[in-house]
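Step one of this worksheet: look at the structure below.
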There are 2 protein chains.
Amino acid sequence: MVENDDFDLQNFLPYLLNRAAEESSLAFQQVYKNKYGMLRNEWRVLFHLGAFGEMTASSIVARARIHKTKISRAVQKLVEKRFVTRERSEDDRRQEILRLTPLGLAAYRDLREVAAAYDRTLEAKFTKEEVALLRGMLRRLAERG
Amino acid sequence: MVENDDFDLQNFLPYLLNRAAEESSLAFQQVYKNKYGMLRNEWRVLFHLGAFGEMTASSIVARARIHKTKISRAVQKLVEKRFVTRERSEDDRRQEILRLTPLGLAAYRDLREVAAAYDRTLEAKFTKEEVALLRGMLRRLAERG
DNA sequence: TCTTGTTAGTTACAAAACAGACTATTATCA
DNA sequence: TGATAATAGTCTGTTTTGTAACTAACAAGA
């Protein structure tokens, strides 16, 4: 029987990452959920459109690595909320060009401020160097494969 | 509409943490899902029982910070799979004492090996010092509040 | 033209998560 | 003691997600 008393669940990186991700998402989640009735995928789409300008659903899929069915549903909700418009592309009529409405832009700007402020409170737990290292490591862990 | 601002979604810690958590959970998830038909909360319960011995549902709730309805359902599934037994406590008849069966223990040991090996491949991306720092930071981020 | 294949996005149905009500048992305290 | 609150755990109805099939538009070769 294989014994491995060195293994500790509390040190298992996927476990720690999940716990940290869940806990650190809570406070921000309260805001976009209570103030704008959004779900996680909705603010992600909103932020992509706010940050990168008009995009198609598939370009958001490629950039955010969220499954296309989630994007599809998030876009539907955002259109219902009048935060986003969609227009069929002339170049390729399969594509829909997504854009923020003025209402969506206002929500984006508001939430972006909230996110930036919240990020600063998270960063304040560590030194600048630690935060930079953490971001780099998280990026490597988030890579495919 | 690309705006000039200092906030970058790609640097937002909750976003990075979620991405890293999702990506780093995938490979291990394949194993406990395909090999044992388990869900995330099921392996978490299994690992708690394997690591700490017999526990009640509420002590797992306290330790793992998973909602009690999730624990309840995970335990039901594990009992159906013959990995776990439950016995009503004599001291407090509201409580149920959960224990791994020999089958459950074997699954735990197998998955623990897989987890340990997988953790080593994640760690191999960084230096020992970086990994230690990462764990410390993730723990602080996972703290309440 | 006629396949055959690819891509954009939606839909349908099952699986799973979430939230709150609920039962049963124990604890507290006037 | 009796009233009230707290705790352990389950159940139920509603959302949300996951998976795969689907429509529609484009593309490329024979």
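Ordering of the structure tokens sets the chain letters (A, B, ...), residue numbers begin anew at 1 in every chain, and ligands are numbered from 1 in the order given.
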inquiry  = Set the distance at 10 Å and use only C-alpha atoms (C1' of nucleotides): which residues neighbour A:Met137 once local chain neighbours fewer than 5 positions away are removed? I'd like the list as a list in words.
reply    = Val131, Ala132 and Ala142 of chain A; Leu16, Ala20, Lys125, Phe126, Glu130, Val131 and Leu134 of chain B
Next, dump the selected residues to file, keeping only C-alpha atoms, as a PDB file, in the first residue's frame.
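What follows is the written file again26.pdb:
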```pdb
ATOM      1  CA  VAL A 131       2.401  41.248  -6.137  1.00  0.00           C
ATOM      2  CA  ALA A 132       4.401  41.352  -9.354  1.00  0.00           C
ATOM      3  CA  ALA A 142      -3.280  29.864 -16.239  1.00  0.00           C
TER       4      ALA A 142
ATOM      5  CA  LEU B  16      -6.086  35.945 -12.668  1.00  0.00           C
ATOM      6  CA  ALA B  20      -5.219  29.940 -12.704  1.00  0.00           C
ATOM      7  CA  LYS B 125       7.400  25.627 -13.107  1.00  0.00           C
ATOM      8  CA  PHE B 126       8.985  27.702 -10.345  1.00  0.00           C
ATOM      9  CA  GLU B 130       8.688  31.088  -5.349  1.00  0.00           C
ATOM     10  CA  VAL B 131       6.411  28.173  -4.549  1.00  0.00           C
ATOM     11  CA  LEU B 134       2.968  31.605  -3.643  1.00  0.00           C
TER      12      LEU B 134
END
```
All alpha helix (DSSP H) positions in chain B, as a PyMOL selection string = chain B and resi 13-36+40-52+57-64+68-80+102-123+128-142
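Among the candidates C:DC13, C:DC22, C:DA30, C:DA8, the one nearest to chain A when counting only C-alpha atoms (C1' of nucleotides) is C:DA8.
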Which residues of chain A have any atom within 9 Å of an atom in chain D when counting only C-alpha atoms (C1' of nucleotides), and what is the closest pair of atoms for each, with the distance in Å to one decimal? Order the rows by chain and rising number and write it as CSV.
```
residue,atom,partner,partner_atom,distance
A:Lys70,CA,D:DT17,C1',8.3
A:Asp92,CA,D:DA25,C1',7.7
A:Arg93,CA,D:DA25,C1',6.4
A:Arg94,CA,D:DA25,C1',5.4
```
List the neighbours of stretch 80-83 of chain A out to 10 Å using only C-alpha atoms (C1' of nucleotides); skip same-chain residues closer than 4 positions along the sequence, and give me the result as an mmCIF file with C-alpha atoms, in the first residue's frame.
```
data_model
loop_
_atom_site.group_PDB
_atom_site.id
_atom_site.type_symbol
_atom_site.label_atom_id
_atom_site.label_comp_id
_atom_site.auth_asym_id
_atom_site.auth_seq_id
_atom_site.Cartn_x
_atom_site.Cartn_y
_atom_site.Cartn_z
ATOM 1 C CA TYR A 36 -26.315 45.550 -11.794
ATOM 2 C CA GLY A 37 -27.809 42.069 -11.489
ATOM 3 C CA MET A 38 -24.923 40.581 -13.415
ATOM 4 C CA LEU A 46 -18.769 43.813 -20.296
ATOM 5 C CA ALA A 74 -24.030 36.379 -21.187
ATOM 6 C CA VAL A 75 -24.495 38.503 -24.318
ATOM 7 C CA GLN A 76 -28.225 37.740 -24.370
ATOM 8 C CA ARG A 99 -20.834 47.134 -28.652
ATOM 9 C CA LEU A 100 -21.532 48.776 -25.322
ATOM 10 C CA THR A 101 -24.465 51.173 -25.184
ATOM 11 C CA PRO A 102 -23.994 54.424 -23.236
ATOM 12 C CA LEU A 103 -25.710 52.633 -20.359
ATOM 13 C CA GLY A 104 -23.281 49.735 -20.648
ATOM 14 C CA LEU A 105 -20.325 52.075 -20.852
ATOM 15 C CA ALA A 106 -21.452 53.832 -17.677
ATOM 16 C CA ALA A 107 -21.793 50.490 -15.906
ATOM 17 C CA TYR A 108 -18.376 49.455 -17.168
#
```
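The list of chain C residues within 9 Å of chain A is DT7, DA8, DG9 and DT10 of chain C; this uses only C-alpha atoms (C1' of nucleotides).
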Taking only C-alpha atoms into account and nothing else, which residues of chain A lie no more than 9 Å away from chain B? Please answer as a CSV table (one decimal) with N, CA and C atoms, in the first residue's frame.
```csv
chain,number,residue,atom,x,y,z
A,1,MET,N,0.8,-1.2,0.0
A,1,MET,CA,0.0,0.0,0.0
A,1,MET,C,0.9,1.3,0.0
A,2,VAL,N,0.6,2.1,-1.0
A,2,VAL,CA,1.4,3.3,-1.1
A,2,VAL,C,1.1,4.3,0.0
A,3,GLU,N,2.1,4.7,0.8
A,3,GLU,CA,1.8,5.7,1.8
A,3,GLU,C,2.6,7.0,1.4
A,4,ASN,N,1.9,8.1,1.7
A,4,ASN,CA,2.6,9.4,1.4
A,4,ASN,C,2.1,10.4,2.4
A,5,ASP,N,2.7,10.3,3.5
A,5,ASP,CA,2.3,11.2,4.6
A,5,ASP,C,2.7,12.7,4.4
A,6,ASP,N,3.5,12.9,3.3
A,6,ASP,CA,4.0,14.2,3.0
A,6,ASP,C,2.9,15.0,2.4
A,7,PHE,N,1.9,14.4,1.7
A,7,PHE,CA,0.9,15.1,1.0
A,7,PHE,C,-0.1,15.8,2.0
A,8,ASP,N,-0.3,17.0,1.8
A,8,ASP,CA,-1.2,17.8,2.7
A,8,ASP,C,-2.2,18.5,1.8
A,9,LEU,N,-3.5,18.2,2.0
A,9,LEU,CA,-4.5,18.9,1.2
A,9,LEU,C,-4.4,20.4,1.3
A,11,ASN,N,-2.0,22.1,1.3
A,11,ASN,CA,-0.9,22.7,0.5
A,11,ASN,C,-1.0,22.4,-1.0
A,12,PHE,N,-2.1,21.7,-1.3
A,12,PHE,CA,-2.3,21.3,-2.7
A,12,PHE,C,-2.6,22.6,-3.5
A,13,LEU,N,-1.8,22.9,-4.5
A,13,LEU,CA,-2.0,24.1,-5.2
A,13,LEU,C,-3.4,24.4,-5.9
A,14,PRO,N,-3.9,23.4,-6.6
A,14,PRO,CA,-5.3,23.6,-7.1
A,14,PRO,C,-6.3,24.0,-6.0
A,15,TYR,N,-6.2,23.3,-4.9
A,15,TYR,CA,-7.1,23.6,-3.8
A,15,TYR,C,-6.8,25.0,-3.2
A,16,LEU,N,-5.6,25.4,-3.0
A,16,LEU,CA,-5.3,26.7,-2.5
A,16,LEU,C,-5.7,27.8,-3.5
A,17,LEU,N,-5.5,27.5,-4.8
A,17,LEU,CA,-5.9,28.5,-5.8
A,17,LEU,C,-7.4,28.6,-5.9
A,18,ASN,N,-8.1,27.5,-5.8
A,18,ASN,CA,-9.6,27.6,-5.8
A,18,ASN,C,-10.1,28.4,-4.6
A,19,ARG,N,-9.5,28.2,-3.4
A,19,ARG,CA,-10.0,28.9,-2.2
A,19,ARG,C,-9.7,30.4,-2.3
A,20,ALA,N,-8.5,30.7,-2.8
A,20,ALA,CA,-8.1,32.1,-2.9
A,20,ALA,C,-9.0,32.8,-4.0
A,21,ALA,N,-9.2,32.1,-5.1
A,21,ALA,CA,-10.0,32.7,-6.1
A,21,ALA,C,-11.5,32.9,-5.6
A,22,GLU,N,-12.0,31.9,-4.9
A,22,GLU,CA,-13.4,32.1,-4.5
A,22,GLU,C,-13.5,33.3,-3.5
A,23,GLU,N,-12.6,33.2,-2.5
A,23,GLU,CA,-12.6,34.2,-1.4
A,23,GLU,C,-12.4,35.6,-2.0
A,24,SER,N,-11.4,35.7,-2.9
A,24,SER,CA,-11.1,37.1,-3.4
A,24,SER,C,-12.1,37.6,-4.4
A,25,SER,N,-13.0,36.7,-4.9
A,25,SER,CA,-14.0,37.2,-5.8
A,25,SER,C,-15.2,37.7,-5.1
A,27,ALA,N,-16.2,39.8,-2.7
A,27,ALA,CA,-16.5,41.2,-2.4
A,27,ALA,C,-16.9,41.9,-3.8
A,28,PHE,N,-16.1,41.6,-4.8
A,28,PHE,CA,-16.5,42.3,-6.1
A,28,PHE,C,-17.8,41.7,-6.6
A,44,ARG,N,-17.6,39.8,-17.2
A,44,ARG,CA,-16.4,39.6,-18.0
A,44,ARG,C,-16.6,40.0,-19.4
A,47,PHE,N,-16.5,43.8,-19.5
A,47,PHE,CA,-15.1,44.4,-19.3
A,47,PHE,C,-14.3,44.2,-20.6
A,48,HIS,N,-14.5,43.1,-21.3
A,48,HIS,CA,-13.8,43.0,-22.6
A,48,HIS,C,-14.3,44.0,-23.6
A,49,LEU,N,-15.6,44.3,-23.6
A,49,LEU,CA,-16.1,45.3,-24.6
A,49,LEU,C,-15.6,46.7,-24.1
A,50,GLY,N,-15.6,46.9,-22.8
A,50,GLY,CA,-15.2,48.2,-22.3
A,50,GLY,C,-13.7,48.4,-22.6
A,51,ALA,N,-12.9,47.4,-22.4
A,51,ALA,CA,-11.5,47.5,-22.5
A,51,ALA,C,-11.0,47.5,-24.0
A,52,PHE,N,-11.6,46.7,-24.8
A,52,PHE,CA,-11.0,46.5,-26.1
A,52,PHE,C,-11.9,47.1,-27.2
A,53,GLY,N,-13.1,47.6,-26.9
A,53,GLY,CA,-13.9,48.2,-27.9
A,53,GLY,C,-14.8,47.1,-28.5
A,54,GLU,N,-15.4,47.4,-29.7
A,54,GLU,CA,-16.3,46.4,-30.3
A,54,GLU,C,-15.6,45.1,-30.6
A,65,ARG,N,-11.1,32.9,-23.0
A,65,ARG,CA,-11.2,31.4,-22.8
A,65,ARG,C,-12.4,31.0,-21.9
A,112,ARG,N,-15.4,49.3,-13.3
A,112,ARG,CA,-13.9,49.3,-13.4
A,112,ARG,C,-13.3,50.0,-12.2
A,113,GLU,N,-14.0,51.1,-11.8
A,113,GLU,CA,-13.5,51.8,-10.6
A,113,GLU,C,-13.5,50.9,-9.4
A,115,ALA,N,-13.5,47.7,-9.3
A,115,ALA,CA,-12.5,46.6,-9.4
A,115,ALA,C,-11.1,47.2,-9.1
A,116,ALA,N,-10.8,48.3,-9.6
A,116,ALA,CA,-9.5,48.9,-9.4
A,116,ALA,C,-9.2,49.1,-7.9
A,119,ASP,N,-8.9,45.8,-6.2
A,119,ASP,CA,-7.6,45.2,-6.5
A,119,ASP,C,-6.5,45.9,-5.6
A,122,LEU,N,-6.5,44.4,-2.3
A,122,LEU,CA,-5.8,43.0,-2.3
A,122,LEU,C,-4.3,43.2,-2.3
A,123,GLU,N,-3.8,44.1,-3.2
A,123,GLU,CA,-2.4,44.3,-3.3
A,123,GLU,C,-1.8,44.8,-2.0
A,125,LYS,N,-2.0,43.9,0.8
A,125,LYS,CA,-1.6,42.8,1.7
A,125,LYS,C,-0.2,42.4,1.5
A,126,PHE,N,0.4,42.8,0.4
A,126,PHE,CA,1.8,42.4,0.1
A,126,PHE,C,2.6,43.5,-0.4
A,130,GLU,N,6.2,41.3,-4.3
A,130,GLU,CA,5.4,40.1,-4.2
A,130,GLU,C,4.2,40.1,-5.1
A,133,LEU,N,5.4,39.3,-8.6
A,133,LEU,CA,5.7,37.9,-8.7
A,133,LEU,C,4.4,37.0,-8.8
A,134,LEU,N,3.5,37.3,-7.9
A,134,LEU,CA,2.2,36.6,-7.9
A,134,LEU,C,1.5,36.6,-9.2
A,135,ARG,N,1.4,37.8,-9.8
A,135,ARG,CA,0.8,37.9,-11.1
A,135,ARG,C,1.5,37.1,-12.1
A,137,MET,N,3.3,34.4,-11.7
A,137,MET,CA,3.1,33.0,-11.4
A,137,MET,C,1.6,32.6,-11.8
A,138,LEU,N,0.7,33.4,-11.5
A,138,LEU,CA,-0.7,33.1,-11.9
A,138,LEU,C,-0.9,33.0,-13.4
A,139,ARG,N,-0.2,33.9,-14.1
A,139,ARG,CA,-0.3,33.8,-15.5
A,139,ARG,C,0.3,32.5,-16.0
A,140,ARG,N,1.4,32.1,-15.5
A,140,ARG,CA,2.0,30.8,-15.9
A,140,ARG,C,1.1,29.7,-15.6
A,141,LEU,N,0.5,29.7,-14.4
A,141,LEU,CA,-0.4,28.6,-14.1
A,141,LEU,C,-1.7,28.6,-14.9
A,142,ALA,N,-2.1,29.8,-15.4
A,142,ALA,CA,-3.3,29.9,-16.2
A,142,ALA,C,-3.1,29.4,-17.7
A,143,GLU,N,-1.8,29.3,-18.1
A,143,GLU,CA,-1.5,28.9,-19.4
A,143,GLU,C,-2.0,27.5,-19.7
A,144,ARG,N,-2.4,27.3,-21.0
A,144,ARG,CA,-2.8,26.0,-21.4
A,144,ARG,C,-1.7,24.9,-21.3
A,145,GLY,N,-2.2,23.7,-20.9
A,145,GLY,CA,-1.3,22.6,-20.8
A,145,GLY,C,-0.5,22.4,-19.6
```
message = Let me make sure I understand: if you superpose chain A onto chain B using all C-alpha atoms paired in order, what RMSD in Å results?
response = 1.7 Å
request  = Have a look at atom C1' of C:DC18 and atom CA of A:Tyr32 and let me know their distance in Å, one decimal.
outcome  = 17.5 Å
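The interatomic distance for the pair atom CA of A:Gln30 and atom CA of B:Val61 works out to 22.3 Å.
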Looking only at strand (DSSP E) from DSSP on the backbone, list the matching residues of stretch 48-142 of chain A as a PDB file with N, CA, C and O atoms, in the first residue's frame.
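Output (selection29.pdb):
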```pdb
ATOM      1  N   MET A  55     -16.272  44.013 -30.303  1.00  0.00           N
ATOM      2  CA  MET A  55     -15.709  42.688 -30.521  1.00  0.00           C
ATOM      3  C   MET A  55     -16.837  41.769 -30.992  1.00  0.00           C
ATOM      4  O   MET A  55     -18.013  42.055 -30.789  1.00  0.00           O
ATOM      5  N   THR A  56     -16.452  40.656 -31.587  1.00  0.00           N
ATOM      6  CA  THR A  56     -17.427  39.601 -31.854  1.00  0.00           C
ATOM      7  C   THR A  56     -17.379  38.621 -30.697  1.00  0.00           C
ATOM      8  O   THR A  56     -16.441  38.613 -29.902  1.00  0.00           O
ATOM      9  N   VAL A  84     -25.633  46.255 -24.051  1.00  0.00           N
ATOM     10  CA  VAL A  84     -24.892  45.850 -25.246  1.00  0.00           C
ATOM     11  C   VAL A  84     -25.846  45.806 -26.437  1.00  0.00           C
ATOM     12  O   VAL A  84     -27.017  45.463 -26.287  1.00  0.00           O
ATOM     13  N   THR A  85     -25.322  46.199 -27.599  1.00  0.00           N
ATOM     14  CA  THR A  85     -26.075  46.007 -28.845  1.00  0.00           C
ATOM     15  C   THR A  85     -25.314  45.019 -29.715  1.00  0.00           C
ATOM     16  O   THR A  85     -24.105  44.862 -29.581  1.00  0.00           O
ATOM     17  N   ARG A  86     -26.066  44.348 -30.604  1.00  0.00           N
ATOM     18  CA  ARG A  86     -25.354  43.508 -31.567  1.00  0.00           C
ATOM     19  C   ARG A  86     -25.838  43.830 -32.978  1.00  0.00           C
ATOM     20  O   ARG A  86     -27.008  44.104 -33.198  1.00  0.00           O
ATOM     21  N   GLU A  87     -24.889  43.766 -33.880  1.00  0.00           N
ATOM     22  CA  GLU A  87     -25.176  44.100 -35.272  1.00  0.00           C
ATOM     23  C   GLU A  87     -24.468  43.076 -36.150  1.00  0.00           C
ATOM     24  O   GLU A  87     -23.297  42.778 -35.937  1.00  0.00           O
ATOM     25  N   ARG A  88     -25.211  42.556 -37.108  1.00  0.00           N
ATOM     26  CA  ARG A  88     -24.604  41.544 -37.962  1.00  0.00           C
ATOM     27  C   ARG A  88     -23.543  42.179 -38.862  1.00  0.00           C
ATOM     28  O   ARG A  88     -23.757  43.247 -39.421  1.00  0.00           O
ATOM     29  N   GLU A  96     -21.513  38.593 -35.324  1.00  0.00           N
ATOM     30  CA  GLU A  96     -22.242  39.724 -34.770  1.00  0.00           C
ATOM     31  C   GLU A  96     -21.255  40.636 -34.055  1.00  0.00           C
ATOM     32  O   GLU A  96     -20.452  40.170 -33.243  1.00  0.00           O
ATOM     33  N   ILE A  97     -21.337  41.908 -34.371  1.00  0.00           N
ATOM     34  CA  ILE A  97     -20.451  42.876 -33.731  1.00  0.00           C
ATOM     35  C   ILE A  97     -21.134  43.387 -32.466  1.00  0.00           C
ATOM     36  O   ILE A  97     -22.261  43.878 -32.513  1.00  0.00           O
ATOM     37  N   LEU A  98     -20.442  43.240 -31.356  1.00  0.00           N
ATOM     38  CA  LEU A  98     -20.994  43.629 -30.059  1.00  0.00           C
ATOM     39  C   LEU A  98     -20.406  44.963 -29.633  1.00  0.00           C
ATOM     40  O   LEU A  98     -19.206  45.191 -29.776  1.00  0.00           O
ATOM     41  N   ARG A  99     -21.281  45.823 -29.122  1.00  0.00           N
ATOM     42  CA  ARG A  99     -20.834  47.134 -28.652  1.00  0.00           C
ATOM     43  C   ARG A  99     -21.557  47.505 -27.372  1.00  0.00           C
ATOM     44  O   ARG A  99     -22.717  47.150 -27.188  1.00  0.00           O
ATOM     45  N   LEU A 100     -20.873  48.249 -26.516  1.00  0.00           N
ATOM     46  CA  LEU A 100     -21.532  48.776 -25.322  1.00  0.00           C
ATOM     47  C   LEU A 100     -22.451  49.930 -25.708  1.00  0.00           C
ATOM     48  O   LEU A 100     -22.098  50.753 -26.559  1.00  0.00           O
TER      49      LEU A 100
END
```
